[in-house]
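Everything below belongs to data.txt, which stores compact mmCIF, N, CA and C atoms.
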```
# COMPACT_ATOMS: atom_id res chain seq x y z
N MET A 29 -14.70 -21.43 -16.18
CA MET A 29 -14.73 -20.09 -16.75
C MET A 29 -14.17 -19.11 -15.72
N ILE A 30 -13.40 -18.17 -16.19
CA ILE A 30 -12.83 -17.14 -15.33
C ILE A 30 -13.91 -16.13 -14.96
N THR A 31 -13.93 -15.73 -13.70
CA THR A 31 -14.82 -14.68 -13.22
C THR A 31 -13.99 -13.43 -12.98
N VAL A 32 -14.43 -12.32 -13.56
CA VAL A 32 -13.73 -11.05 -13.41
C VAL A 32 -14.66 -10.09 -12.66
N TYR A 33 -14.28 -9.79 -11.44
CA TYR A 33 -15.04 -8.84 -10.61
C TYR A 33 -14.44 -7.46 -10.83
N VAL A 34 -15.24 -6.52 -11.31
CA VAL A 34 -14.77 -5.19 -11.69
C VAL A 34 -15.04 -4.21 -10.56
N ILE A 35 -13.96 -3.59 -10.05
CA ILE A 35 -14.11 -2.59 -8.98
C ILE A 35 -13.58 -1.25 -9.46
N HIS A 36 -14.14 -0.18 -8.90
CA HIS A 36 -13.87 1.15 -9.44
C HIS A 36 -14.40 2.22 -8.50
N SER A 37 -14.07 3.45 -8.84
CA SER A 37 -14.63 4.62 -8.17
C SER A 37 -15.99 4.93 -8.79
N ARG A 38 -16.77 5.69 -8.06
CA ARG A 38 -18.04 6.18 -8.63
C ARG A 38 -17.86 7.59 -9.18
N GLU A 39 -16.62 8.07 -9.27
CA GLU A 39 -16.33 9.43 -9.72
C GLU A 39 -16.33 9.60 -11.24
N PHE A 40 -16.69 8.55 -11.97
CA PHE A 40 -16.76 8.68 -13.43
C PHE A 40 -17.94 7.84 -13.92
N ASP A 41 -18.26 7.97 -15.20
CA ASP A 41 -19.41 7.28 -15.78
C ASP A 41 -19.04 5.82 -16.06
N PHE A 42 -18.91 5.04 -14.99
CA PHE A 42 -18.43 3.66 -15.12
C PHE A 42 -19.35 2.77 -15.94
N LYS A 43 -20.64 3.05 -15.93
CA LYS A 43 -21.55 2.20 -16.71
C LYS A 43 -21.30 2.33 -18.20
N ASN A 44 -21.14 3.56 -18.68
CA ASN A 44 -20.93 3.77 -20.11
C ASN A 44 -19.47 3.66 -20.54
N LYS A 45 -18.55 3.92 -19.63
CA LYS A 45 -17.14 3.91 -20.01
C LYS A 45 -16.40 2.63 -19.64
N LEU A 46 -17.03 1.78 -18.85
CA LEU A 46 -16.37 0.55 -18.42
C LEU A 46 -17.30 -0.67 -18.58
N TYR A 47 -18.43 -0.64 -17.88
CA TYR A 47 -19.33 -1.80 -17.91
C TYR A 47 -19.83 -2.14 -19.32
N ASN A 48 -20.48 -1.17 -19.97
CA ASN A 48 -21.09 -1.45 -21.27
C ASN A 48 -20.07 -1.90 -22.32
N PRO A 49 -18.93 -1.21 -22.45
CA PRO A 49 -17.95 -1.69 -23.45
C PRO A 49 -17.43 -3.10 -23.15
N LEU A 50 -17.19 -3.42 -21.88
CA LEU A 50 -16.73 -4.77 -21.55
C LEU A 50 -17.84 -5.80 -21.80
N ARG A 51 -19.06 -5.45 -21.42
CA ARG A 51 -20.19 -6.36 -21.60
C ARG A 51 -20.43 -6.63 -23.09
N ASN A 52 -20.19 -5.62 -23.94
CA ASN A 52 -20.43 -5.75 -25.38
C ASN A 52 -19.21 -6.24 -26.16
N SER A 53 -18.13 -6.54 -25.47
CA SER A 53 -16.90 -6.99 -26.13
C SER A 53 -16.90 -8.51 -26.30
N SER A 54 -15.95 -8.99 -27.07
CA SER A 54 -15.80 -10.43 -27.26
C SER A 54 -15.40 -11.13 -25.96
N LEU A 55 -14.82 -10.38 -25.02
CA LEU A 55 -14.46 -10.96 -23.72
C LEU A 55 -15.67 -11.48 -22.96
N ASN A 56 -16.80 -10.86 -23.16
CA ASN A 56 -18.00 -11.24 -22.43
C ASN A 56 -18.40 -12.70 -22.68
N GLU A 57 -17.99 -13.25 -23.81
CA GLU A 57 -18.28 -14.65 -24.12
C GLU A 57 -17.28 -15.59 -23.47
N LYS A 58 -16.13 -15.05 -23.02
CA LYS A 58 -15.04 -15.87 -22.51
C LYS A 58 -14.93 -15.82 -20.99
N VAL A 59 -15.44 -14.77 -20.39
CA VAL A 59 -15.35 -14.62 -18.94
C VAL A 59 -16.72 -14.25 -18.36
N ASN A 60 -16.87 -14.50 -17.09
CA ASN A 60 -18.07 -14.10 -16.36
C ASN A 60 -17.76 -12.78 -15.66
N PHE A 61 -18.21 -11.67 -16.23
CA PHE A 61 -18.00 -10.37 -15.61
C PHE A 61 -19.00 -10.17 -14.49
N ILE A 62 -18.52 -9.66 -13.38
CA ILE A 62 -19.40 -9.21 -12.30
C ILE A 62 -19.22 -7.70 -12.20
N PHE A 63 -20.26 -6.96 -12.54
CA PHE A 63 -20.28 -5.51 -12.43
C PHE A 63 -21.15 -5.17 -11.23
N PRO A 64 -20.56 -4.78 -10.12
CA PRO A 64 -21.32 -4.66 -8.87
C PRO A 64 -22.45 -3.64 -8.90
N HIS A 65 -22.38 -2.66 -9.81
CA HIS A 65 -23.42 -1.63 -9.84
C HIS A 65 -24.11 -1.57 -11.20
N GLU A 66 -24.15 -2.71 -11.86
CA GLU A 66 -24.79 -2.76 -13.17
C GLU A 66 -26.30 -2.54 -13.06
N ASN A 67 -26.91 -3.12 -12.03
CA ASN A 67 -28.37 -3.03 -11.89
C ASN A 67 -28.81 -2.42 -10.57
N SER A 68 -27.84 -2.03 -9.74
CA SER A 68 -28.19 -1.49 -8.42
C SER A 68 -27.08 -0.58 -7.91
N ASP A 69 -27.46 0.43 -7.17
CA ASP A 69 -26.47 1.31 -6.54
C ASP A 69 -26.14 0.85 -5.13
N LYS A 70 -26.79 -0.22 -4.69
CA LYS A 70 -26.54 -0.73 -3.33
C LYS A 70 -25.15 -1.38 -3.27
N PRO A 71 -24.55 -1.40 -2.08
CA PRO A 71 -23.25 -2.06 -1.93
C PRO A 71 -23.32 -3.54 -2.34
N TYR A 72 -22.27 -4.00 -3.00
CA TYR A 72 -22.19 -5.38 -3.43
C TYR A 72 -21.48 -6.19 -2.35
N ASN A 73 -21.92 -7.41 -2.10
CA ASN A 73 -21.33 -8.23 -1.06
C ASN A 73 -20.07 -8.93 -1.59
N SER A 74 -19.00 -8.18 -1.75
CA SER A 74 -17.77 -8.75 -2.28
C SER A 74 -17.13 -9.71 -1.29
N LYS A 75 -17.37 -9.50 0.00
CA LYS A 75 -16.81 -10.41 1.00
C LYS A 75 -17.28 -11.84 0.73
N GLU A 76 -18.56 -11.99 0.45
CA GLU A 76 -19.11 -13.32 0.16
C GLU A 76 -18.45 -13.91 -1.09
N LEU A 77 -18.27 -13.08 -2.11
CA LEU A 77 -17.60 -13.52 -3.34
C LEU A 77 -16.17 -13.96 -3.05
N PHE A 78 -15.45 -13.17 -2.28
CA PHE A 78 -14.06 -13.49 -1.97
C PHE A 78 -13.95 -14.77 -1.14
N LEU A 79 -14.88 -14.97 -0.23
CA LEU A 79 -14.86 -16.15 0.63
C LEU A 79 -15.31 -17.42 -0.09
N SER A 80 -15.85 -17.27 -1.29
CA SER A 80 -16.33 -18.44 -2.04
C SER A 80 -15.19 -19.34 -2.50
N LYS A 81 -13.95 -18.86 -2.35
CA LYS A 81 -12.75 -19.64 -2.73
C LYS A 81 -12.77 -20.03 -4.20
N ASN A 82 -13.33 -19.18 -5.05
CA ASN A 82 -13.35 -19.40 -6.49
C ASN A 82 -11.93 -19.25 -7.03
N GLU A 83 -11.33 -20.35 -7.43
CA GLU A 83 -9.95 -20.33 -7.93
C GLU A 83 -9.84 -19.62 -9.27
N ASN A 84 -10.96 -19.35 -9.92
CA ASN A 84 -10.96 -18.67 -11.21
C ASN A 84 -11.37 -17.21 -11.11
N LEU A 85 -11.25 -16.64 -9.93
CA LEU A 85 -11.64 -15.25 -9.70
C LEU A 85 -10.45 -14.32 -9.89
N ILE A 86 -10.66 -13.26 -10.65
CA ILE A 86 -9.68 -12.19 -10.84
C ILE A 86 -10.40 -10.87 -10.56
N ILE A 87 -9.69 -9.94 -9.95
CA ILE A 87 -10.22 -8.60 -9.71
C ILE A 87 -9.68 -7.68 -10.79
N LEU A 88 -10.55 -6.93 -11.45
CA LEU A 88 -10.15 -5.88 -12.38
C LEU A 88 -10.42 -4.56 -11.68
N ALA A 89 -9.35 -3.84 -11.33
CA ALA A 89 -9.48 -2.63 -10.53
C ALA A 89 -9.15 -1.40 -11.36
N GLU A 90 -10.16 -0.55 -11.59
CA GLU A 90 -9.93 0.73 -12.26
C GLU A 90 -9.37 1.68 -11.22
N MET A 91 -8.13 2.13 -11.43
CA MET A 91 -7.38 2.87 -10.41
C MET A 91 -7.23 4.36 -10.71
N SER A 92 -7.85 4.86 -11.76
CA SER A 92 -7.63 6.25 -12.17
C SER A 92 -8.22 7.28 -11.21
N TYR A 93 -9.15 6.86 -10.38
CA TYR A 93 -9.85 7.76 -9.46
C TYR A 93 -9.78 7.19 -8.05
N ASP A 94 -9.79 8.06 -7.05
CA ASP A 94 -9.79 7.59 -5.67
C ASP A 94 -11.10 6.88 -5.35
N ALA A 95 -10.99 5.83 -4.54
CA ALA A 95 -12.18 5.10 -4.12
C ALA A 95 -11.85 4.28 -2.88
N LYS A 96 -12.38 4.69 -1.74
CA LYS A 96 -12.08 3.97 -0.49
C LYS A 96 -12.63 2.55 -0.50
N GLY A 97 -13.84 2.36 -1.01
CA GLY A 97 -14.42 1.02 -1.05
C GLY A 97 -13.58 0.09 -1.92
N ARG A 98 -13.15 0.59 -3.07
CA ARG A 98 -12.30 -0.21 -3.95
C ARG A 98 -11.01 -0.59 -3.24
N ASP A 99 -10.42 0.37 -2.54
CA ASP A 99 -9.16 0.11 -1.85
C ASP A 99 -9.33 -0.93 -0.74
N MET A 100 -10.48 -0.91 -0.07
CA MET A 100 -10.74 -1.94 0.95
C MET A 100 -10.88 -3.32 0.29
N GLU A 101 -11.54 -3.36 -0.86
CA GLU A 101 -11.68 -4.63 -1.58
C GLU A 101 -10.31 -5.12 -2.05
N LEU A 102 -9.44 -4.22 -2.47
CA LEU A 102 -8.10 -4.63 -2.88
C LEU A 102 -7.32 -5.22 -1.71
N GLY A 103 -7.51 -4.64 -0.53
CA GLY A 103 -6.87 -5.18 0.67
C GLY A 103 -7.36 -6.59 0.96
N MET A 104 -8.67 -6.80 0.85
CA MET A 104 -9.22 -8.14 1.07
C MET A 104 -8.69 -9.11 0.03
N ALA A 105 -8.61 -8.67 -1.23
CA ALA A 105 -8.10 -9.54 -2.30
C ALA A 105 -6.66 -9.93 -2.02
N TYR A 106 -5.87 -8.98 -1.55
CA TYR A 106 -4.47 -9.26 -1.22
C TYR A 106 -4.37 -10.32 -0.11
N ILE A 107 -5.15 -10.13 0.94
CA ILE A 107 -5.12 -11.06 2.07
C ILE A 107 -5.55 -12.46 1.63
N MET A 108 -6.51 -12.52 0.71
CA MET A 108 -7.03 -13.82 0.27
C MET A 108 -6.32 -14.35 -0.97
N ASP A 109 -5.25 -13.68 -1.38
CA ASP A 109 -4.43 -14.11 -2.51
C ASP A 109 -5.24 -14.21 -3.81
N ILE A 110 -6.10 -13.23 -4.04
CA ILE A 110 -6.88 -13.17 -5.28
C ILE A 110 -6.13 -12.27 -6.25
N PRO A 111 -5.85 -12.75 -7.46
CA PRO A 111 -5.11 -11.94 -8.42
C PRO A 111 -5.86 -10.66 -8.80
N VAL A 112 -5.08 -9.61 -9.02
CA VAL A 112 -5.64 -8.30 -9.37
C VAL A 112 -4.98 -7.78 -10.64
N ILE A 113 -5.79 -7.23 -11.52
CA ILE A 113 -5.31 -6.51 -12.68
C ILE A 113 -5.71 -5.06 -12.46
N ALA A 114 -4.71 -4.17 -12.41
CA ALA A 114 -4.97 -2.75 -12.22
C ALA A 114 -4.97 -2.05 -13.58
N ILE A 115 -6.00 -1.25 -13.83
CA ILE A 115 -6.04 -0.45 -15.05
C ILE A 115 -6.11 1.01 -14.64
N TYR A 116 -5.45 1.88 -15.41
CA TYR A 116 -5.44 3.30 -15.08
C TYR A 116 -5.07 4.13 -16.30
N LYS A 117 -5.54 5.36 -16.30
CA LYS A 117 -5.24 6.30 -17.37
C LYS A 117 -3.88 6.95 -17.11
N PRO A 118 -3.15 7.30 -18.18
CA PRO A 118 -1.86 7.97 -18.00
C PRO A 118 -2.01 9.24 -17.16
N GLY A 119 -1.05 9.46 -16.29
CA GLY A 119 -1.07 10.66 -15.45
C GLY A 119 -1.96 10.56 -14.23
N SER A 120 -2.57 9.41 -14.00
CA SER A 120 -3.44 9.24 -12.84
C SER A 120 -2.62 9.24 -11.57
N ASN A 121 -3.17 9.84 -10.53
CA ASN A 121 -2.54 9.83 -9.21
C ASN A 121 -3.08 8.59 -8.49
N ILE A 122 -2.38 7.49 -8.70
CA ILE A 122 -2.87 6.20 -8.20
C ILE A 122 -2.65 6.11 -6.70
N SER A 123 -3.66 5.57 -6.02
CA SER A 123 -3.62 5.47 -4.56
C SER A 123 -2.57 4.48 -4.09
N GLY A 124 -2.34 4.45 -2.79
CA GLY A 124 -1.34 3.57 -2.18
C GLY A 124 -1.61 2.10 -2.42
N SER A 125 -2.84 1.74 -2.71
CA SER A 125 -3.14 0.32 -2.93
C SER A 125 -2.48 -0.20 -4.20
N GLN A 126 -1.98 0.70 -5.04
CA GLN A 126 -1.27 0.27 -6.24
C GLN A 126 -0.05 -0.55 -5.87
N LYS A 127 0.47 -0.36 -4.68
CA LYS A 127 1.67 -1.06 -4.26
C LYS A 127 1.41 -2.54 -3.95
N LEU A 128 0.15 -2.92 -3.88
CA LEU A 128 -0.15 -4.34 -3.67
C LEU A 128 0.29 -5.14 -4.88
N PRO A 129 0.70 -6.39 -4.69
CA PRO A 129 1.11 -7.19 -5.83
C PRO A 129 -0.05 -7.35 -6.82
N MET A 130 0.22 -7.12 -8.06
CA MET A 130 -0.79 -7.22 -9.10
C MET A 130 -0.36 -8.29 -10.10
N VAL A 131 -1.33 -8.94 -10.72
CA VAL A 131 -1.01 -9.84 -11.81
C VAL A 131 -0.45 -9.02 -12.95
N ASN A 132 -1.06 -7.88 -13.20
CA ASN A 132 -0.64 -7.02 -14.29
C ASN A 132 -1.17 -5.62 -14.06
N GLU A 133 -0.50 -4.66 -14.64
CA GLU A 133 -0.97 -3.28 -14.63
C GLU A 133 -1.13 -2.86 -16.08
N ILE A 134 -2.25 -2.23 -16.39
CA ILE A 134 -2.53 -1.80 -17.75
C ILE A 134 -2.80 -0.30 -17.75
N GLU A 135 -1.92 0.45 -18.39
CA GLU A 135 -2.16 1.88 -18.60
C GLU A 135 -2.94 1.99 -19.91
N TYR A 136 -4.01 2.78 -19.91
CA TYR A 136 -4.86 2.82 -21.10
C TYR A 136 -5.31 4.23 -21.43
N ASN A 137 -5.56 4.44 -22.72
CA ASN A 137 -6.16 5.68 -23.21
C ASN A 137 -7.59 5.45 -23.68
N SER A 138 -7.90 4.19 -24.03
CA SER A 138 -9.23 3.88 -24.54
C SER A 138 -9.66 2.50 -24.03
N ILE A 139 -10.95 2.27 -24.06
CA ILE A 139 -11.49 0.98 -23.63
C ILE A 139 -10.99 -0.14 -24.54
N GLU A 140 -10.75 0.18 -25.80
CA GLU A 140 -10.24 -0.83 -26.73
C GLU A 140 -8.88 -1.35 -26.28
N GLU A 141 -8.05 -0.46 -25.73
CA GLU A 141 -6.75 -0.88 -25.20
C GLU A 141 -6.93 -1.81 -24.01
N ILE A 142 -7.89 -1.52 -23.16
CA ILE A 142 -8.15 -2.38 -22.00
C ILE A 142 -8.55 -3.77 -22.48
N ILE A 143 -9.47 -3.83 -23.42
CA ILE A 143 -9.96 -5.12 -23.92
C ILE A 143 -8.83 -5.91 -24.56
N GLU A 144 -8.02 -5.26 -25.38
CA GLU A 144 -6.90 -5.93 -26.04
C GLU A 144 -5.90 -6.48 -25.02
N GLU A 145 -5.55 -5.67 -24.03
CA GLU A 145 -4.59 -6.11 -23.01
C GLU A 145 -5.19 -7.19 -22.10
N LEU A 146 -6.46 -7.06 -21.78
CA LEU A 146 -7.11 -8.09 -20.97
C LEU A 146 -7.11 -9.43 -21.68
N GLU A 147 -7.34 -9.41 -22.98
CA GLU A 147 -7.28 -10.65 -23.77
C GLU A 147 -5.93 -11.33 -23.56
N LYS A 148 -4.86 -10.56 -23.63
CA LYS A 148 -3.51 -11.11 -23.46
C LYS A 148 -3.30 -11.62 -22.04
N VAL A 149 -3.64 -10.80 -21.07
CA VAL A 149 -3.43 -11.17 -19.67
C VAL A 149 -4.22 -12.40 -19.29
N LEU A 150 -5.49 -12.45 -19.68
CA LEU A 150 -6.33 -13.58 -19.32
C LEU A 150 -5.89 -14.86 -20.03
N LYS A 151 -5.29 -14.72 -21.19
CA LYS A 151 -4.77 -15.89 -21.90
C LYS A 151 -3.60 -16.51 -21.15
N TRP A 152 -2.81 -15.68 -20.48
CA TRP A 152 -1.59 -16.16 -19.83
C TRP A 152 -1.65 -16.08 -18.31
N ASN A 153 -2.83 -15.87 -17.75
CA ASN A 153 -2.93 -15.68 -16.30
C ASN A 153 -2.62 -16.96 -15.54
N ARG A 154 -2.44 -16.80 -14.25
CA ARG A 154 -2.12 -17.95 -13.39
C ARG A 154 -3.36 -18.64 -12.85
N VAL A 155 -4.53 -18.14 -13.22
CA VAL A 155 -5.78 -18.72 -12.74
C VAL A 155 -6.11 -19.95 -13.57
N LYS A 156 -6.58 -20.99 -12.91
CA LYS A 156 -6.98 -22.20 -13.61
C LYS A 156 -8.24 -21.93 -14.42
N SER A 157 -8.28 -22.41 -15.66
CA SER A 157 -9.49 -22.21 -16.46
C SER A 157 -10.22 -23.49 -16.71
```
Any chance you could give the structure as C-alpha cells?
Amino acid sequence: MITVYVIHSREFDFKNKLYNPLRNSSLNEKVNFIFPHENSDKPYNSKELFLSKNENLIILAEMSYDAKGRDMELGMAYIMDIPVIAIYKPGSNISGSQKLPMVNEIEYNSIEEIIEELEKVLKWNRVKS
C-alpha cells in the first residue's frame, strides 16, 4: 500500500481544508495517509519515516503558504529520493523548494480537484504498489 505523508504550513485550517476531506475521500481506502498534526500539535518525526526506506512513500506537499519546516522536509525528501507531489492554489507565491524535482504538480481551486488529480497521479506513479 502506498503511504502518503502530507506536509503543509500551519497558516491555514489544514485539518478542515486538507486532512478531513482526504481522510473522508475514497483515496483513504487506497493509501495510508499520514497527517502529522491530526491528533497532536507536536513536531512529527519525519526523519524516522524518511529513513525507514519505505519504497511506497510519497510526500504530498501543500505549497500555497510559506512553511520552513515543510521546506526542510522537502529537502530531506530530495536527498533521499522520495517522490513529491506539490499542490498549490492559483496565484500562490510558491517558495524556492518548488524547484526541487517533483513527481507532479497540481494547481487546485478545490479539494475535489486535489482528490481527482491524486487518483490519476497515484495510479501512474513510479512507486511500487
Taking only C-alpha atoms into account, name the residue in A:Ile35, A:Val149, A:Glu90, A:Tyr106 that is nearest to Tyr136 of chain A. A:Glu90
Residue contacts of Tyr72 of chain A (12 Å, only C-alpha atoms) excluding same-chain residues fewer than 3 positions away, as a PyMOL selection string: chain A and resi 33-35+62-69+75-78+97-98+101
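If you measure from each of A:Met91, A:Val59, A:Leu79, A:Val32 to Met104 of chain A using only C-alpha atoms, the closest one turns out to be A:Leu79.
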Give me the residues within 12 Å of segment 82-86 of chain A as a PyMOL selection string, counting only C-alpha atoms and dropping any in the same chain fewer than 2 places off. chain A and resi 29-35+59-62+74+76-80+88-89+102+105-106+108-114+130-132+146+149-150+153-157
